[in-house]
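*Asks:* One file: final32.txt (compact mmCIF, C-alpha atoms).
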# COMPACT_ATOMS: atom_id res chain seq x y z
CA MET A 1 -4.41 -21.27 15.41
CA ALA A 2 -2.87 -18.08 14.03
CA VAL A 3 -4.67 -15.28 12.21
CA TYR A 4 -2.86 -12.53 10.32
CA GLN A 5 -4.54 -9.54 8.71
CA ILE A 6 -3.58 -6.62 6.48
CA ASP A 7 -5.57 -3.91 4.73
CA LEU A 8 -4.27 -2.84 1.34
CA GLU A 9 -5.40 0.55 0.06
CA ASP A 10 -2.67 1.97 -2.15
CA THR A 11 -2.93 0.32 -5.56
CA ILE A 12 0.70 1.16 -6.40
CA THR A 13 2.21 -0.57 -3.37
CA ALA A 14 -0.48 -3.22 -2.74
CA VAL A 15 1.33 -6.09 -4.47
CA SER A 16 4.66 -5.46 -2.71
CA GLN A 17 2.94 -5.02 0.66
CA LEU A 18 1.01 -8.26 0.12
CA ALA A 19 4.16 -10.20 -0.85
CA GLN A 20 5.98 -8.96 2.26
CA PHE A 21 2.97 -9.69 4.51
CA LEU A 22 2.79 -13.29 3.23
CA SER A 23 6.56 -13.74 3.28
CA ASP A 24 6.64 -12.85 6.99
CA ILE A 25 3.88 -15.41 7.72
CA ILE A 26 5.63 -18.09 5.64
CA GLU A 27 8.83 -17.58 7.61
CA LYS A 28 7.11 -17.49 10.98
CA GLU A 29 4.97 -20.57 10.31
CA SER A 30 7.76 -22.52 8.51
CA ILE A 31 5.55 -23.08 5.45
CA SER A 32 6.94 -25.29 2.65
CA ILE A 33 8.19 -23.78 -0.62
CA GLU A 34 5.37 -25.47 -2.57
CA VAL A 35 2.63 -23.98 -0.37
CA GLU A 36 4.49 -20.66 -0.31
CA ASN A 37 4.35 -20.43 -4.11
CA ALA A 38 0.65 -21.36 -4.12
CA ILE A 39 -0.42 -18.78 -1.55
CA GLN A 40 1.78 -15.98 -2.88
CA LEU A 41 0.45 -16.52 -6.40
CA SER A 42 -3.20 -16.99 -5.50
CA ALA A 43 -3.21 -13.94 -3.25
CA GLU A 44 -1.48 -11.77 -5.86
CA GLU A 45 -3.79 -12.89 -8.66
CA ALA A 46 -6.88 -12.20 -6.53
CA VAL A 47 -5.63 -8.77 -5.40
CA VAL A 48 -4.55 -7.72 -8.91
CA ASN A 49 -7.97 -8.72 -10.28
CA ILE A 50 -9.70 -6.62 -7.62
CA ILE A 51 -7.49 -3.59 -8.33
CA THR A 52 -7.79 -3.92 -12.12
CA HIS A 53 -11.41 -4.98 -12.54
CA GLY A 54 -13.16 -4.39 -9.19
CA TYR A 55 -11.80 -0.91 -8.53
CA ASN A 56 -10.72 -0.10 -12.13
CA GLY A 57 -7.29 0.99 -10.87
CA LYS A 58 -8.74 3.52 -8.41
CA PRO A 59 -7.96 3.33 -4.68
CA GLY A 60 -10.15 0.95 -2.69
CA ILE A 61 -9.79 -1.18 0.39
CA ILE A 62 -8.74 -4.83 0.13
CA GLU A 63 -8.78 -6.83 3.36
CA VAL A 64 -6.50 -9.85 3.37
CA THR A 65 -6.72 -12.43 6.14
CA CYS A 66 -4.47 -15.46 6.40
CA GLU A 67 -5.46 -18.14 8.90
CA ILE A 68 -3.30 -21.12 9.77
CA ALA A 69 -5.20 -23.86 11.59
CA ASP A 70 -5.70 -27.64 11.58
CA GLY A 71 -3.10 -28.22 8.86
CA LEU A 72 -4.75 -25.74 6.52
CA VAL A 73 -3.95 -22.26 5.30
CA THR A 74 -7.01 -20.16 4.51
CA LEU A 75 -6.67 -16.90 2.61
CA THR A 76 -9.69 -14.62 2.65
CA ILE A 77 -9.57 -11.59 0.38
CA CYS A 78 -12.45 -9.12 0.61
CA ASP A 79 -13.20 -5.90 -1.22
CA LYS A 80 -15.88 -3.24 -1.40
CA ALA A 81 -16.11 -3.31 -5.19
CA PRO A 82 -19.29 -3.98 -7.21
CA TYR A 83 -20.49 -7.56 -6.93
CA PHE A 84 -18.56 -9.96 -9.14
CA ASN A 85 -17.87 -13.65 -8.73
CA PRO A 86 -14.50 -14.42 -10.37
CA LEU A 87 -15.34 -18.13 -10.31
CA THR A 88 -17.88 -17.51 -13.06
CA ILE A 89 -14.99 -16.76 -15.46
CA PRO A 90 -14.80 -19.68 -17.91
CA PRO A 91 -11.70 -21.86 -17.64
CA ALA A 92 -8.68 -20.53 -19.55
CA ASP A 93 -7.72 -22.45 -22.67
CA VAL A 94 -4.24 -23.58 -21.65
CA GLU A 95 -4.00 -25.92 -24.64
CA ALA A 96 -4.16 -23.08 -27.18
CA GLY A 97 -1.13 -22.50 -29.39
CA ILE A 98 0.76 -19.23 -29.65
CA ASP A 99 -1.48 -17.70 -32.31
CA GLU A 100 -4.71 -18.38 -30.43
CA ARG A 101 -3.36 -17.42 -27.01
CA ARG A 102 -4.98 -14.42 -25.43
CA ILE A 103 -2.69 -12.08 -23.53
CA GLY A 104 -4.03 -12.39 -20.00
CA GLY A 105 -6.90 -14.24 -18.33
CA LEU A 106 -4.68 -16.68 -16.47
CA GLY A 107 -5.02 -15.35 -12.92
CA VAL A 108 -8.18 -17.22 -11.95
CA HIS A 109 -6.88 -20.35 -13.70
CA LEU A 110 -3.78 -20.25 -11.49
CA ILE A 111 -5.87 -19.78 -8.32
CA ARG A 112 -8.07 -22.77 -9.24
CA SER A 113 -5.04 -24.91 -10.09
CA LEU A 114 -2.93 -24.05 -7.05
CA MET A 115 -5.46 -24.05 -4.21
CA ASP A 116 -7.39 -27.08 -2.91
CA GLU A 117 -10.67 -25.20 -2.47
CA VAL A 118 -11.87 -21.79 -3.65
CA ARG A 119 -15.18 -20.22 -2.60
CA TYR A 120 -16.82 -16.89 -3.38
CA LYS A 121 -19.05 -15.03 -0.95
CA GLN A 122 -21.07 -11.90 -1.51
CA THR A 123 -21.10 -9.60 1.53
CA ASP A 124 -23.25 -6.55 2.36
CA SER A 125 -20.45 -4.29 1.11
CA GLY A 126 -18.66 -6.29 -1.59
CA ASN A 127 -16.98 -9.58 -2.40
CA CYS A 128 -14.89 -12.18 -0.59
CA LEU A 129 -12.78 -14.91 -2.14
CA ILE A 130 -11.87 -17.72 0.28
CA MET A 131 -9.00 -19.97 -0.76
CA GLN A 132 -7.77 -22.99 1.13
CA LYS A 133 -4.76 -25.26 0.86
CA ALA A 134 -3.44 -28.11 2.99
CA LEU A 135 -0.08 -27.38 4.60
CA MET B 136 12.13 -11.41 1.07
CA GLU B 137 13.78 -11.27 -2.32
CA ASP B 138 11.31 -8.83 -3.80
CA HIS B 139 13.41 -7.09 -6.41
CA LEU B 140 13.81 -8.02 -9.99
CA SER B 141 17.19 -7.64 -11.58
CA ILE B 142 18.04 -8.26 -15.21
CA GLN B 143 21.54 -8.54 -16.65
CA GLU B 144 22.45 -8.96 -20.25
CA ARG B 145 25.23 -10.95 -21.90
CA GLU B 146 25.88 -12.74 -25.17
CA ILE B 147 27.02 -16.28 -25.99
CA SER B 148 27.74 -17.27 -29.61
CA GLY B 149 25.94 -14.13 -30.73
CA ILE B 150 22.75 -15.00 -28.81
CA THR B 151 21.44 -12.50 -26.28
CA ILE B 152 20.96 -13.91 -22.79
CA LEU B 153 18.99 -12.07 -20.11
CA ASP B 154 19.87 -13.32 -16.63
CA ILE B 155 16.80 -12.71 -14.52
CA SER B 156 16.82 -12.83 -10.75
CA GLY B 157 14.21 -12.13 -8.09
CA ARG B 158 10.46 -11.96 -8.62
CA ILE B 159 8.32 -11.11 -11.63
CA ASP B 160 5.00 -9.99 -10.19
CA ALA B 161 2.51 -7.24 -10.92
CA ALA B 162 4.83 -4.75 -9.20
CA THR B 163 7.96 -5.66 -11.21
CA SER B 164 6.65 -6.96 -14.56
CA SER B 165 6.92 -3.50 -16.18
CA HIS B 166 10.71 -3.71 -15.63
CA ILE B 167 11.11 -6.87 -17.73
CA GLU B 168 8.52 -5.59 -20.20
CA ALA B 169 10.72 -2.53 -20.79
CA GLU B 170 13.92 -4.61 -21.10
CA LEU B 171 12.36 -7.05 -23.56
CA GLY B 172 10.80 -4.18 -25.48
CA LYS B 173 14.19 -2.46 -25.82
CA LYS B 174 15.89 -5.62 -27.09
CA ILE B 175 13.15 -6.41 -29.61
CA ASP B 176 12.98 -2.78 -30.77
CA SER B 177 16.74 -2.90 -31.41
CA GLY B 178 16.23 -5.82 -33.79
CA VAL B 179 16.99 -8.81 -31.54
CA THR B 180 14.71 -11.72 -32.46
CA THR B 181 16.32 -14.62 -30.58
CA LEU B 182 16.69 -14.42 -26.83
CA ILE B 183 17.36 -16.75 -23.93
CA LEU B 184 15.85 -15.90 -20.56
CA ASN B 185 18.01 -17.48 -17.87
CA MET B 186 15.63 -18.15 -14.98
CA LYS B 187 18.12 -19.87 -12.66
CA ASP B 188 17.64 -17.17 -10.02
CA LEU B 189 13.99 -16.38 -10.70
CA SER B 190 12.10 -17.40 -7.58
CA TYR B 191 8.56 -16.39 -8.58
CA ILE B 192 6.46 -15.47 -11.58
CA SER B 193 2.77 -14.54 -11.62
CA SER B 194 0.35 -14.07 -14.51
CA SER B 195 1.56 -10.46 -14.90
CA GLY B 196 4.97 -11.85 -15.86
CA LEU B 197 3.49 -14.53 -18.11
CA ARG B 198 1.54 -11.86 -19.95
CA VAL B 199 4.72 -9.85 -20.62
CA ILE B 200 6.81 -12.74 -21.91
CA LEU B 201 3.94 -14.07 -24.04
CA ALA B 202 3.54 -10.65 -25.66
CA ALA B 203 7.32 -10.58 -26.31
CA LEU B 204 7.22 -14.10 -27.78
CA LYS B 205 4.43 -13.09 -30.15
CA ARG B 206 6.52 -10.13 -31.31
CA VAL B 207 9.73 -12.10 -31.97
CA LYS B 208 7.82 -14.98 -33.62
CA ALA B 209 6.41 -12.46 -36.09
CA GLY B 210 10.01 -11.66 -37.01
CA GLY B 211 10.98 -15.33 -37.33
CA GLY B 212 12.71 -15.53 -33.95
CA THR B 213 12.01 -17.11 -30.59
CA ILE B 214 12.47 -16.75 -26.85
CA ALA B 215 13.92 -19.76 -25.07
CA LEU B 216 13.76 -20.30 -21.31
CA ALA B 217 16.56 -21.89 -19.34
CA ALA B 218 17.09 -23.28 -15.84
CA LEU B 219 13.55 -22.86 -14.51
CA GLN B 220 13.19 -23.30 -10.75
CA PRO B 221 10.40 -25.56 -9.37
CA GLY B 222 7.92 -22.76 -8.50
CA PRO B 223 8.06 -20.90 -11.83
CA GLY B 224 8.33 -24.29 -13.60
CA GLU B 225 5.02 -25.35 -12.06
CA VAL B 226 3.40 -22.10 -13.24
CA PHE B 227 4.64 -22.67 -16.80
CA LYS B 228 3.24 -26.22 -16.77
CA MET B 229 -0.14 -25.26 -15.29
CA THR B 230 -0.69 -22.60 -17.90
CA GLY B 231 0.55 -24.62 -20.88
CA PHE B 232 3.34 -22.08 -21.38
CA ASP B 233 5.81 -24.99 -21.33
CA ARG B 234 4.47 -25.89 -24.77
CA LEU B 235 4.76 -22.35 -26.15
CA PHE B 236 8.41 -21.77 -25.22
CA PRO B 237 11.42 -23.98 -25.84
CA ILE B 238 12.72 -24.85 -22.36
CA SER B 239 16.22 -26.12 -21.56
CA PRO B 240 17.76 -27.24 -18.26
CA SER B 241 20.67 -24.80 -18.69
CA VAL B 242 21.70 -21.73 -20.66
CA GLU B 243 24.45 -23.74 -22.38
CA GLN B 244 21.92 -26.28 -23.66
CA ALA B 245 19.57 -23.52 -24.80
CA VAL B 246 22.45 -21.93 -26.75
CA LEU B 247 23.26 -25.27 -28.42
CA LYS B 248 19.65 -25.62 -29.53
CA LEU B 249 19.46 -22.08 -30.91
CA LYS B 250 22.89 -21.76 -32.52
CA PRO B 251 22.51 -21.32 -36.26
Written as structure tokens, how would this file's structure read?

*Replies:*
Amino acid sequence: MAVYQIDLEDTITAVSQLAQFLSDIIEKESISIEVENAIQLSAEEAVVNIITHGYNGKPGIIEVTCEIADGLVTLTICDKAPYFNPLTIPPADVEAGIDERRIGGLGVHLIRSLMDEVRYKQTDSGNCLIMQKAL
Amino acid sequence: MEDHLSIQEREISGITILDISGRIDAATSSHIEAELGKKIDSGVTTLILNMKDLSYISSSGLRVILAALKRVKAGGGTIALAALQPGPGEVFKMTGFDRLFPISPSVEQAVLKLKP
């Protein structure tokens, strides 16, 4: 089993730091391109949602843990933002045509589509999103 | 990691092609937003985005190209996508964006479809 962890605090560099953190794990653990795309996307969408909505663009800590064990990758992303369960967001209408399409709202849809299992947990200090995918 | 986004411009048969390489994520999407904005502001309404060397796109990138598509459609134009790689291709399918944009396997085929 391998566990990797990073704390992101700077909202400007968080996405690049996250991408590099995951890229290093992907290389070290020889993760397939398909799983790489899924975890990079799901992690980015979760982190961007926390920065934009949870912290309203202000600095705040985001703890990212990536665990590789028993043929599964588990991403756990925790914040200290006000309680909010992103899984309560209604499914995005991906059938809508160009005129009806809203700009945005696709992040949680991508997480749900790309990962095998997604869970939300409220903690004493904030929120955790736990996302799992088979390797 | 190929974390940078680079955009180069060329023209075939009078159609503007943007060759995009690298990643379009929340950190780089403002770059392509600015490039697309400049082209559309200058009066270009038909564009091909060559995604042969695009390794990754997140919802931040989707948002930018959807906004650009809405703008050019209002002017009677379109944005076609060419040579999508498997990862970005999967994202376009999952979000239904493959039905909003004309998609071609190569730039040459996209040009043939768009040529007046």

*Asks:* Please, which residues are within 8 Å of (15.9, -17.1, -31.4) by the file's coordinates, counting all atoms listed in the file, and could they come as a list in words?

*Replies:* Ile150, Thr180, Thr181, Leu182, Ile183, Val207, Gly211, Gly212, Thr213, Ile214, Ala215 and Leu249 of chain B

*Asks:* Give me, as a PyMOL selection string, all polymer residues having an atom no more than 7 Å from range 71-80 of chain A, counting only C-alpha atoms and skipping those fewer than 2 positions away in the same chain.

*Replies:* chain A and resi 61-69+82+125-135

*Asks:* Kindly indicate which residue among B:Gly149, B:Gly157, B:Gly178, B:Gly196 lies nearest to Gly210 in chain B, using all atoms listed in the file for the distances.

*Replies:*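 Distance minimum relative to Gly210 in chain B lands on B:Gly178.
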
*Asks:* Select all residues from chain B having any atom no more than 7 Å from an atom of chain A (counting only C-alpha atoms, ignoring ligands), output as a short mmCIF file (atom, residue, chain, number, x, y, z; two decimals) with C-alpha atoms, in the coordinates of the input.

*Replies:*
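Output file selection.cif follows:
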data_model
loop_
_atom_site.label_atom_id
_atom_site.label_comp_id
_atom_site.auth_asym_id
_atom_site.auth_seq_id
_atom_site.Cartn_x
_atom_site.Cartn_y
_atom_site.Cartn_z
CA MET B 136 12.13 -11.41 1.07
CA ALA B 161 2.51 -7.24 -10.92
CA ALA B 162 4.83 -4.75 -9.20
CA SER B 193 2.77 -14.54 -11.62
CA SER B 194 0.35 -14.07 -14.51
CA ARG B 198 1.54 -11.86 -19.95
CA LEU B 201 3.94 -14.07 -24.04
CA ALA B 202 3.54 -10.65 -25.66
CA GLY B 222 7.92 -22.76 -8.50
CA THR B 230 -0.69 -22.60 -17.90
CA GLY B 231 0.55 -24.62 -20.88
CA LEU B 235 4.76 -22.35 -26.15
#

*Asks:* Tell me which of A:Ile111, A:Gly57, A:Lys28, A:Thr52 sits closest to Val226 in chain B, counting only C-alpha atoms.

*Replies:*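 Smallest separation from Val226 in chain B among the options: A:Ile111.
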
*Asks:* Tell me, in Å to one decimal, how far CA of Ile51 in chain A is from CA of Met229 in chain B.

*Replies:*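 Going from CA of Ile51 in chain A over to CA of Met229 in chain B, I get 23.9 Å.
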
*Asks:* Distance CA of Ile200 in chain B-CA of Lys250 in chain B, one decimal place?

*Replies:*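 Atom-to-atom, CA of Ile200 in chain B and CA of Lys250 in chain B are spaced 21.3 Å apart.
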
*Asks:* Working from the structure I just supplied, which lacks atoms in range 85-111 of chain A, can you model N, CA and C atoms there and output them as a JSON list (two decimals), in the frame of the given file?

*Replies:*
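Okay, this is what ended up in rebuild_7.json:
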[["chain", "number", "residue", "atom", "x", "y", "z"],
["A", 85, "ASN", "N", -18.42, -12.36, -9.14],
["A", 85, "ASN", "CA", -17.87, -13.65, -8.73],
["A", 85, "ASN", "C", -16.83, -14.10, -9.75],
["A", 86, "PRO", "N", -15.53, -14.06, -9.39],
["A", 86, "PRO", "CA", -14.50, -14.42, -10.37],
["A", 86, "PRO", "C", -14.57, -15.89, -10.78],
["A", 87, "LEU", "N", -15.25, -16.70, -9.97],
["A", 87, "LEU", "CA", -15.34, -18.13, -10.31],
["A", 87, "LEU", "C", -16.32, -18.40, -11.45],
["A", 88, "THR", "N", -17.00, -17.34, -11.90],
["A", 88, "THR", "CA", -17.88, -17.51, -13.06],
["A", 88, "THR", "C", -17.10, -17.32, -14.38],
["A", 89, "ILE", "N", -15.82, -16.91, -14.24],
["A", 89, "ILE", "CA", -14.99, -16.76, -15.46],
["A", 89, "ILE", "C", -14.75, -18.15, -16.04],
["A", 90, "PRO", "N", -15.01, -18.35, -17.34],
["A", 90, "PRO", "CA", -14.80, -19.68, -17.91],
["A", 90, "PRO", "C", -13.34, -20.10, -17.83],
["A", 91, "PRO", "N", -13.09, -21.40, -17.75],
["A", 91, "PRO", "CA", -11.70, -21.86, -17.64],
["A", 91, "PRO", "C", -10.85, -21.36, -18.81],
["A", 92, "ALA", "N", -9.60, -21.01, -18.50],
["A", 92, "ALA", "CA", -8.68, -20.53, -19.55],
["A", 92, "ALA", "C", -8.31, -21.70, -20.46],
["A", 93, "ASP", "N", -8.13, -21.41, -21.74],
["A", 93, "ASP", "CA", -7.72, -22.45, -22.67],
["A", 93, "ASP", "C", -6.20, -22.56, -22.65],
["A", 94, "VAL", "N", -5.70, -23.47, -21.79],
["A", 94, "VAL", "CA", -4.24, -23.58, -21.65],
["A", 94, "VAL", "C", -3.64, -24.52, -22.70],
["A", 95, "GLU", "N", -4.49, -25.06, -23.56],
["A", 95, "GLU", "CA", -4.00, -25.92, -24.64],
["A", 95, "GLU", "C", -3.74, -25.12, -25.92],
["A", 96, "ALA", "N", -4.24, -23.88, -25.95],
["A", 96, "ALA", "CA", -4.16, -23.08, -27.18],
["A", 96, "ALA", "C", -2.70, -22.83, -27.59],
["A", 97, "GLY", "N", -2.46, -22.79, -28.87],
["A", 97, "GLY", "CA", -1.13, -22.50, -29.39],
["A", 97, "GLY", "C", -0.86, -21.00, -29.33],
["A", 98, "ILE", "N", 0.33, -20.62, -29.76],
["A", 98, "ILE", "CA", 0.76, -19.23, -29.65],
["A", 98, "ILE", "C", -0.17, -18.25, -30.37],
["A", 99, "ASP", "N", -0.66, -18.64, -31.54],
["A", 99, "ASP", "CA", -1.48, -17.70, -32.31],
["A", 99, "ASP", "C", -2.86, -17.47, -31.68],
["A", 100, "GLU", "N", -3.36, -18.50, -31.01],
["A", 100, "GLU", "CA", -4.71, -18.38, -30.43],
["A", 100, "GLU", "C", -4.66, -17.87, -28.99],
["A", 101, "ARG", "N", -3.46, -17.80, -28.42],
["A", 101, "ARG", "CA", -3.36, -17.42, -27.01],
["A", 101, "ARG", "C", -3.76, -15.98, -26.79],
["A", 102, "ARG", "N", -4.66, -15.79, -25.82],
["A", 102, "ARG", "CA", -4.98, -14.42, -25.43],
["A", 102, "ARG", "C", -3.93, -13.95, -24.44],
["A", 103, "ILE", "N", -3.62, -12.64, -24.51],
["A", 103, "ILE", "CA", -2.69, -12.08, -23.53],
["A", 103, "ILE", "C", -3.52, -11.82, -22.27],
["A", 104, "GLY", "N", -3.29, -12.60, -21.26],
["A", 104, "GLY", "CA", -4.03, -12.39, -20.00],
["A", 104, "GLY", "C", -5.06, -13.46, -19.75],
["A", 105, "GLY", "N", -5.84, -13.29, -18.67],
["A", 105, "GLY", "CA", -6.90, -14.24, -18.33],
["A", 105, "GLY", "C", -6.43, -15.48, -17.60],
["A", 106, "LEU", "N", -5.20, -15.47, -17.10],
["A", 106, "LEU", "CA", -4.68, -16.68, -16.47],
["A", 106, "LEU", "C", -4.73, -16.66, -14.94],
["A", 107, "GLY", "N", -5.05, -15.49, -14.37],
["A", 107, "GLY", "CA", -5.02, -15.35, -12.92],
["A", 107, "GLY", "C", -5.95, -16.32, -12.20],
["A", 108, "VAL", "N", -7.19, -16.35, -12.63],
["A", 108, "VAL", "CA", -8.18, -17.22, -11.95],
["A", 108, "VAL", "C", -7.84, -18.69, -12.22],
["A", 109, "HIS", "N", -7.31, -18.97, -13.40],
["A", 109, "HIS", "CA", -6.88, -20.35, -13.70],
["A", 109, "HIS", "C", -5.80, -20.79, -12.71],
["A", 110, "LEU", "N", -4.85, -19.90, -12.43],
["A", 110, "LEU", "CA", -3.78, -20.25, -11.49],
["A", 110, "LEU", "C", -4.34, -20.48, -10.08],
["A", 111, "ILE", "N", -5.26, -19.62, -9.66],
["A", 111, "ILE", "CA", -5.87, -19.78, -8.32],
["A", 111, "ILE", "C", -6.53, -21.15, -8.23]]
